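**Q** What follows is final_23.cif; its format and atoms are mmCIF, N, CA, C and O atoms.
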```cif
data_query
loop_
_atom_site.label_atom_id
_atom_site.label_comp_id
_atom_site.auth_asym_id
_atom_site.auth_seq_id
_atom_site.Cartn_x
_atom_site.Cartn_y
_atom_site.Cartn_z
N ASP A 1369 -6.59 15.05 8.20
CA ASP A 1369 -5.50 14.67 9.08
C ASP A 1369 -4.61 15.89 9.31
O ASP A 1369 -4.37 16.67 8.40
N PHE A 1370 -4.10 15.99 10.52
CA PHE A 1370 -3.15 17.05 10.85
C PHE A 1370 -2.11 16.46 11.81
O PHE A 1370 -2.45 15.69 12.70
N SER A 1371 -0.86 16.83 11.59
CA SER A 1371 0.19 16.42 12.52
C SER A 1371 1.24 17.52 12.60
O SER A 1371 1.40 18.32 11.67
N ALA A 1372 1.93 17.56 13.73
CA ALA A 1372 3.01 18.54 13.94
C ALA A 1372 4.08 17.87 14.79
O ALA A 1372 3.81 16.93 15.53
N TYR A 1373 5.30 18.37 14.65
CA TYR A 1373 6.40 17.80 15.44
C TYR A 1373 7.45 18.87 15.75
O TYR A 1373 7.53 19.90 15.08
N TYR A 1374 8.24 18.59 16.77
CA TYR A 1374 9.38 19.42 17.14
C TYR A 1374 10.43 18.49 17.72
O TYR A 1374 10.13 17.67 18.59
N ASN A 1375 11.67 18.60 17.23
CA ASN A 1375 12.79 17.79 17.74
C ASN A 1375 13.97 18.70 18.01
O ASN A 1375 14.23 19.65 17.27
N LYS A 1376 14.72 18.37 19.04
CA LYS A 1376 15.93 19.10 19.40
C LYS A 1376 17.08 18.10 19.38
O LYS A 1376 17.02 17.07 20.06
N TYR A 1377 18.12 18.39 18.58
CA TYR A 1377 19.24 17.47 18.41
C TYR A 1377 20.53 18.03 18.98
O TYR A 1377 20.84 19.20 18.79
N LYS A 1378 21.29 17.17 19.61
CA LYS A 1378 22.68 17.44 19.98
C LYS A 1378 23.50 16.40 19.22
O LYS A 1378 23.06 15.28 19.02
N ASP A 1379 24.70 16.77 18.78
CA ASP A 1379 25.55 15.87 17.99
C ASP A 1379 24.88 15.45 16.69
O ASP A 1379 24.99 14.31 16.24
N PHE A 1380 24.18 16.38 16.06
CA PHE A 1380 23.50 16.15 14.78
C PHE A 1380 24.53 15.70 13.75
O PHE A 1380 25.60 16.28 13.63
N ILE A 1381 24.23 14.67 12.99
CA ILE A 1381 25.16 14.17 11.99
C ILE A 1381 25.08 15.08 10.75
O ILE A 1381 24.01 15.31 10.21
N SER A 1382 26.23 15.58 10.35
CA SER A 1382 26.30 16.48 9.20
C SER A 1382 27.51 16.11 8.36
O SER A 1382 28.26 15.20 8.69
N GLN A 1383 27.70 16.83 7.26
CA GLN A 1383 28.85 16.60 6.39
C GLN A 1383 29.82 17.77 6.48
O GLN A 1383 29.39 18.91 6.62
N GLU A 1384 31.09 17.45 6.40
CA GLU A 1384 32.13 18.47 6.30
C GLU A 1384 33.04 18.13 5.15
O GLU A 1384 33.29 16.95 4.87
N VAL A 1385 33.52 19.15 4.46
CA VAL A 1385 34.47 18.96 3.36
C VAL A 1385 35.87 18.96 3.95
O VAL A 1385 36.24 19.86 4.71
N VAL A 1386 36.64 17.94 3.61
CA VAL A 1386 38.01 17.79 4.09
C VAL A 1386 38.94 17.90 2.89
O VAL A 1386 38.67 17.34 1.83
N VAL A 1387 40.03 18.63 3.04
CA VAL A 1387 41.02 18.80 1.98
C VAL A 1387 42.27 18.01 2.37
O VAL A 1387 42.79 18.16 3.47
N SER A 1388 42.73 17.16 1.46
CA SER A 1388 43.90 16.32 1.71
C SER A 1388 44.97 16.61 0.65
O SER A 1388 44.76 16.35 -0.53
N PRO A 1389 46.12 17.17 1.06
CA PRO A 1389 47.18 17.45 0.09
C PRO A 1389 47.78 16.15 -0.45
O PRO A 1389 47.84 15.15 0.25
N TYR A 1390 48.23 16.20 -1.71
CA TYR A 1390 48.83 15.01 -2.33
C TYR A 1390 50.23 14.73 -1.78
O TYR A 1390 50.70 13.61 -1.85
N TYR A 1391 50.89 15.73 -1.24
CA TYR A 1391 52.23 15.51 -0.68
C TYR A 1391 52.43 16.40 0.54
O TYR A 1391 51.76 17.39 0.73
N GLY A 1392 53.38 15.99 1.36
CA GLY A 1392 53.66 16.71 2.59
C GLY A 1392 52.76 16.24 3.72
O GLY A 1392 51.69 15.68 3.51
N THR A 1393 53.22 16.43 4.93
CA THR A 1393 52.43 16.12 6.12
C THR A 1393 51.53 17.31 6.42
O THR A 1393 51.98 18.46 6.35
N VAL A 1394 50.28 17.04 6.74
CA VAL A 1394 49.31 18.11 6.96
C VAL A 1394 49.85 19.09 8.01
O VAL A 1394 50.32 18.70 9.07
N GLY A 1395 49.78 20.38 7.69
CA GLY A 1395 50.23 21.43 8.60
C GLY A 1395 51.67 21.88 8.36
O GLY A 1395 52.10 22.86 8.94
N THR A 1396 52.39 21.19 7.50
CA THR A 1396 53.77 21.59 7.22
C THR A 1396 53.80 22.52 6.02
O THR A 1396 52.84 22.57 5.25
N PRO A 1397 54.89 23.26 5.83
CA PRO A 1397 54.96 24.16 4.67
C PRO A 1397 54.78 23.44 3.33
O PRO A 1397 54.20 24.00 2.40
N LEU A 1398 55.25 22.19 3.23
CA LEU A 1398 55.10 21.45 1.99
C LEU A 1398 53.62 21.17 1.68
O LEU A 1398 53.18 21.30 0.54
N SER A 1399 52.85 20.82 2.69
CA SER A 1399 51.42 20.56 2.46
C SER A 1399 50.68 21.85 2.14
O SER A 1399 49.76 21.85 1.32
N VAL A 1400 51.08 22.96 2.75
CA VAL A 1400 50.48 24.26 2.43
C VAL A 1400 50.77 24.63 0.98
O VAL A 1400 49.90 25.12 0.25
N ALA A 1401 51.98 24.34 0.52
CA ALA A 1401 52.35 24.59 -0.88
C ALA A 1401 51.53 23.71 -1.81
O ALA A 1401 51.11 24.15 -2.89
N ALA A 1402 51.30 22.47 -1.43
CA ALA A 1402 50.49 21.56 -2.26
C ALA A 1402 49.09 22.12 -2.44
O ALA A 1402 48.55 22.14 -3.55
N ILE A 1403 48.49 22.61 -1.37
CA ILE A 1403 47.14 23.17 -1.46
C ILE A 1403 47.15 24.44 -2.29
O ILE A 1403 46.27 24.67 -3.11
N ALA A 1404 48.18 25.28 -2.11
CA ALA A 1404 48.29 26.52 -2.89
C ALA A 1404 48.44 26.23 -4.39
O ALA A 1404 48.00 27.02 -5.22
N ASN A 1405 49.04 25.08 -4.73
CA ASN A 1405 49.24 24.69 -6.14
C ASN A 1405 48.10 23.83 -6.68
O ASN A 1405 48.23 23.23 -7.74
N ASP A 1406 47.00 23.75 -5.95
CA ASP A 1406 45.85 22.92 -6.31
C ASP A 1406 46.21 21.45 -6.42
O ASP A 1406 45.58 20.70 -7.19
N ASP A 1407 47.18 21.00 -5.65
CA ASP A 1407 47.56 19.59 -5.60
C ASP A 1407 46.94 18.95 -4.36
O ASP A 1407 47.63 18.61 -3.39
N TYR A 1408 45.63 18.83 -4.38
CA TYR A 1408 44.92 18.26 -3.24
C TYR A 1408 43.62 17.61 -3.73
O TYR A 1408 43.19 17.83 -4.85
N GLN A 1409 43.06 16.81 -2.85
CA GLN A 1409 41.77 16.20 -3.13
C GLN A 1409 40.81 16.62 -2.03
O GLN A 1409 41.15 16.56 -0.84
N ALA A 1410 39.62 17.06 -2.42
CA ALA A 1410 38.58 17.41 -1.46
C ALA A 1410 37.56 16.28 -1.42
O ALA A 1410 37.20 15.72 -2.45
N TRP A 1411 37.11 15.93 -0.22
CA TRP A 1411 36.11 14.89 -0.08
C TRP A 1411 35.24 15.21 1.13
O TRP A 1411 35.61 16.00 2.00
N SER A 1412 34.08 14.60 1.16
CA SER A 1412 33.13 14.84 2.25
C SER A 1412 33.16 13.68 3.23
O SER A 1412 33.33 12.53 2.85
N THR A 1413 32.96 14.01 4.49
CA THR A 1413 32.89 13.00 5.53
C THR A 1413 31.73 13.34 6.46
O THR A 1413 31.37 14.51 6.61
N TYR A 1414 31.16 12.34 7.06
CA TYR A 1414 30.10 12.55 8.04
C TYR A 1414 30.72 12.72 9.42
O TYR A 1414 31.67 12.03 9.78
N THR A 1415 30.18 13.66 10.19
CA THR A 1415 30.68 13.92 11.53
C THR A 1415 29.54 14.47 12.38
O THR A 1415 28.49 14.85 11.87
N ASN A 1416 29.76 14.50 13.68
CA ASN A 1416 28.78 15.10 14.57
C ASN A 1416 29.01 16.60 14.64
O ASN A 1416 30.12 17.05 14.86
N SER A 1417 27.94 17.36 14.48
CA SER A 1417 28.02 18.81 14.50
C SER A 1417 28.09 19.33 15.93
O SER A 1417 27.50 18.75 16.84
N LYS A 1418 28.78 20.43 16.12
CA LYS A 1418 28.82 21.09 17.42
C LYS A 1418 27.58 21.95 17.64
O LYS A 1418 27.27 22.34 18.75
N ALA A 1419 26.86 22.24 16.56
CA ALA A 1419 25.67 23.09 16.65
C ALA A 1419 24.48 22.31 17.19
O ALA A 1419 24.31 21.12 16.91
N ASP A 1420 23.65 22.98 17.98
CA ASP A 1420 22.36 22.43 18.36
C ASP A 1420 21.40 22.67 17.20
O ASP A 1420 21.30 23.78 16.69
N VAL A 1421 20.75 21.61 16.76
CA VAL A 1421 19.85 21.70 15.60
C VAL A 1421 18.43 21.39 16.07
O VAL A 1421 18.20 20.42 16.79
N ASN A 1422 17.50 22.23 15.66
CA ASN A 1422 16.08 22.01 15.94
C ASN A 1422 15.37 21.72 14.63
O ASN A 1422 15.66 22.34 13.61
N SER A 1423 14.46 20.78 14.66
CA SER A 1423 13.64 20.52 13.48
C SER A 1423 12.18 20.57 13.89
O SER A 1423 11.82 20.11 14.98
N TYR A 1424 11.40 21.17 13.04
CA TYR A 1424 9.97 21.24 13.32
C TYR A 1424 9.20 21.31 12.03
O TYR A 1424 9.74 21.64 10.97
N GLY A 1425 7.94 20.97 12.12
CA GLY A 1425 7.12 21.01 10.94
C GLY A 1425 5.70 20.58 11.22
O GLY A 1425 5.34 20.23 12.35
N ALA A 1426 4.90 20.59 10.18
CA ALA A 1426 3.50 20.20 10.28
C ALA A 1426 3.03 19.72 8.92
O ALA A 1426 3.61 20.06 7.89
N SER A 1427 2.00 18.93 8.93
CA SER A 1427 1.38 18.51 7.68
C SER A 1427 -0.13 18.45 7.87
O SER A 1427 -0.63 18.22 8.97
N ILE A 1428 -0.81 18.69 6.78
CA ILE A 1428 -2.27 18.61 6.77
C ILE A 1428 -2.68 17.88 5.50
O ILE A 1428 -2.07 18.06 4.44
N GLY A 1429 -3.66 17.03 5.63
CA GLY A 1429 -4.16 16.30 4.48
C GLY A 1429 -5.68 16.22 4.50
O GLY A 1429 -6.28 16.10 5.58
N LEU A 1430 -6.28 16.29 3.35
CA LEU A 1430 -7.73 16.21 3.22
C LEU A 1430 -8.07 15.17 2.16
O LEU A 1430 -7.38 15.06 1.15
N SER A 1431 -9.12 14.43 2.39
CA SER A 1431 -9.59 13.49 1.38
C SER A 1431 -11.12 13.43 1.43
O SER A 1431 -11.71 13.59 2.50
N THR A 1432 -11.69 13.20 0.28
CA THR A 1432 -13.15 13.13 0.18
C THR A 1432 -13.53 12.26 -1.01
O THR A 1432 -12.70 11.98 -1.89
N LYS A 1433 -14.76 11.83 -1.03
CA LYS A 1433 -15.31 11.08 -2.17
C LYS A 1433 -16.00 12.09 -3.09
O LYS A 1433 -16.70 12.99 -2.64
N VAL A 1434 -15.76 11.95 -4.38
CA VAL A 1434 -16.43 12.80 -5.37
C VAL A 1434 -17.01 11.91 -6.47
O VAL A 1434 -16.46 10.85 -6.76
N PHE A 1435 -18.07 12.36 -7.06
CA PHE A 1435 -18.71 11.64 -8.16
C PHE A 1435 -18.93 10.16 -7.84
O PHE A 1435 -18.60 9.27 -8.62
N GLY A 1436 -19.38 9.89 -6.66
CA GLY A 1436 -19.68 8.51 -6.29
C GLY A 1436 -18.52 7.82 -5.62
O GLY A 1436 -18.31 7.95 -4.43
N ASN A 1437 -17.71 7.10 -6.39
CA ASN A 1437 -16.65 6.26 -5.80
C ASN A 1437 -15.24 6.76 -6.07
O ASN A 1437 -14.28 6.02 -5.85
N PHE A 1438 -15.07 7.97 -6.52
CA PHE A 1438 -13.73 8.50 -6.76
C PHE A 1438 -13.21 9.21 -5.51
O PHE A 1438 -13.94 9.94 -4.85
N ASP A 1439 -11.95 8.98 -5.21
CA ASP A 1439 -11.31 9.65 -4.08
C ASP A 1439 -10.55 10.86 -4.58
O ASP A 1439 -9.82 10.78 -5.57
N LEU A 1440 -10.70 11.95 -3.90
CA LEU A 1440 -9.95 13.17 -4.17
C LEU A 1440 -9.23 13.54 -2.88
O LEU A 1440 -9.85 13.63 -1.83
N SER A 1441 -7.92 13.70 -2.99
CA SER A 1441 -7.17 14.03 -1.77
C SER A 1441 -6.01 14.95 -2.11
O SER A 1441 -5.57 15.05 -3.25
N GLY A 1442 -5.52 15.61 -1.08
CA GLY A 1442 -4.36 16.49 -1.21
C GLY A 1442 -3.72 16.68 0.14
O GLY A 1442 -4.34 16.44 1.18
N SER A 1443 -2.48 17.09 0.12
CA SER A 1443 -1.79 17.32 1.39
C SER A 1443 -0.73 18.40 1.22
O SER A 1443 -0.30 18.69 0.11
N TYR A 1444 -0.34 18.97 2.34
CA TYR A 1444 0.72 19.97 2.37
C TYR A 1444 1.59 19.67 3.58
O TYR A 1444 1.08 19.40 4.67
N THR A 1445 2.89 19.72 3.39
CA THR A 1445 3.84 19.49 4.47
C THR A 1445 4.84 20.63 4.53
O THR A 1445 5.36 21.07 3.50
N TYR A 1446 5.12 21.09 5.73
CA TYR A 1446 6.14 22.11 5.98
C TYR A 1446 7.15 21.51 6.94
O TYR A 1446 6.78 20.95 7.98
N ALA A 1447 8.44 21.59 6.59
CA ALA A 1447 9.50 21.08 7.45
C ALA A 1447 10.66 22.08 7.47
O ALA A 1447 10.98 22.68 6.45
N LYS A 1448 11.27 22.25 8.63
CA LYS A 1448 12.36 23.22 8.77
C LYS A 1448 13.40 22.69 9.74
O LYS A 1448 13.07 22.14 10.78
N LEU A 1449 14.67 22.85 9.36
CA LEU A 1449 15.80 22.61 10.26
C LEU A 1449 16.35 23.97 10.63
O LEU A 1449 16.59 24.81 9.76
N ASP A 1450 16.59 24.20 11.91
CA ASP A 1450 17.01 25.50 12.38
C ASP A 1450 18.25 25.35 13.26
O ASP A 1450 18.29 24.47 14.12
N PHE A 1451 19.24 26.21 13.03
CA PHE A 1451 20.44 26.25 13.85
C PHE A 1451 21.06 27.63 13.72
O PHE A 1451 20.63 28.44 12.89
N ASP A 1452 22.08 27.92 14.51
CA ASP A 1452 22.73 29.23 14.49
C ASP A 1452 23.63 29.33 13.25
O ASP A 1452 24.77 28.89 13.25
N ARG A 1453 23.10 29.92 12.18
CA ARG A 1453 23.83 30.00 10.91
C ARG A 1453 25.00 30.98 10.96
O ARG A 1453 25.93 30.86 10.19
N VAL A 1454 24.94 31.94 11.86
CA VAL A 1454 26.05 32.89 12.00
C VAL A 1454 27.25 32.20 12.64
O VAL A 1454 28.39 32.34 12.19
N LYS A 1455 27.00 31.43 13.68
CA LYS A 1455 28.08 30.74 14.40
C LYS A 1455 28.61 29.53 13.63
O LYS A 1455 29.79 29.20 13.72
N TYR A 1456 27.74 28.87 12.84
CA TYR A 1456 28.13 27.67 12.10
C TYR A 1456 27.77 27.85 10.62
O TYR A 1456 26.89 27.15 10.10
N PRO A 1457 28.45 28.76 9.90
CA PRO A 1457 28.06 29.04 8.51
C PRO A 1457 28.32 27.90 7.53
O PRO A 1457 27.70 27.83 6.48
N ASP A 1458 29.22 26.99 7.86
CA ASP A 1458 29.57 25.90 6.94
C ASP A 1458 28.81 24.61 7.21
O ASP A 1458 29.04 23.61 6.55
N LEU A 1459 27.90 24.63 8.18
CA LEU A 1459 27.16 23.42 8.52
C LEU A 1459 26.19 23.05 7.39
O LEU A 1459 25.42 23.88 6.93
N THR A 1460 26.28 21.81 6.93
CA THR A 1460 25.38 21.29 5.93
C THR A 1460 24.52 20.21 6.58
O THR A 1460 25.06 19.21 7.06
N THR A 1461 23.24 20.44 6.64
CA THR A 1461 22.35 19.44 7.28
C THR A 1461 21.85 18.45 6.24
O THR A 1461 21.88 18.72 5.06
#
```
Would it be possible to restate this file's structure as structure tokens?

**A**
Amino acid sequence: DFSAYYNKYKDFISQEVVVSPYYGTVGTPLSVAAIANDDYQAWSTYTNSKADVNSYGASIGLSTKVFGNFDLSGSYTYAKLDFDRVKYPDLTT
């Protein structure tokens, strides 16, 4: 067996780390001080990526009968996600 695929994604769902200060309104000097004092919580959220993501891969599998009624098989799969890592260095797929 052999198969191959190629997909092109827009608005790929990815994760981003968000930092939330324990006090102060985000963007104010008080919230900046909270982050500087390690008074914040970091959490991950799912969002649509601005990057165009391509995925491609292939797989091959072989099977045969050996010693009468025994099956011997194996397979190999290659998969890759590709995007502009220079422009989007923090993107986690």

**Q** Which residue gives the smallest distance to Thr1461 (chain A) among A:Thr1393, A:Ser1388, A:Thr1413, A:Gln1383, with all atoms listed in the file counted?

**A**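 For Thr1461 (chain A), the nearest of the given residues is A:Gln1383.
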
**Q** Report the residues retrieved by the PyMOL selection byres (((chain A and resi 1428 and name CA) around 10) and name CA) from the displayed file, expressed as JSON, numbers by chain.

**A** {"A": [1369, 1370, 1371, 1372, 1426, 1427, 1429, 1430, 1442, 1443, 1444, 1445, 1446]}

**Q** Would you please extract all strand (DSSP E or B) residues from chain A, as assigned by DSSP on the backbone, and give them as a PyMOL selection string?

**A** chain A and resi 1370-1377+1381-1389+1408-1416+1421-1434+1438-1450+1460

**Q** Here is a test: counting all atoms listed in the file, which residue of A:Ser1423, A:Asn1416, A:Ser1441, A:Gln1409 is nearest to Ser1382 (chain A)?

**A**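 Answer, going by the shortest atom-to-atom distance: A:Asn1416.
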
**Q** CA of Val1386 (chain A) and CA of Val1421 (chain A), how far apart in Å?

**A**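 Answer for the CA of Val1421 (chain A) to CA of Val1386 (chain A) separation: 21.9 Å.
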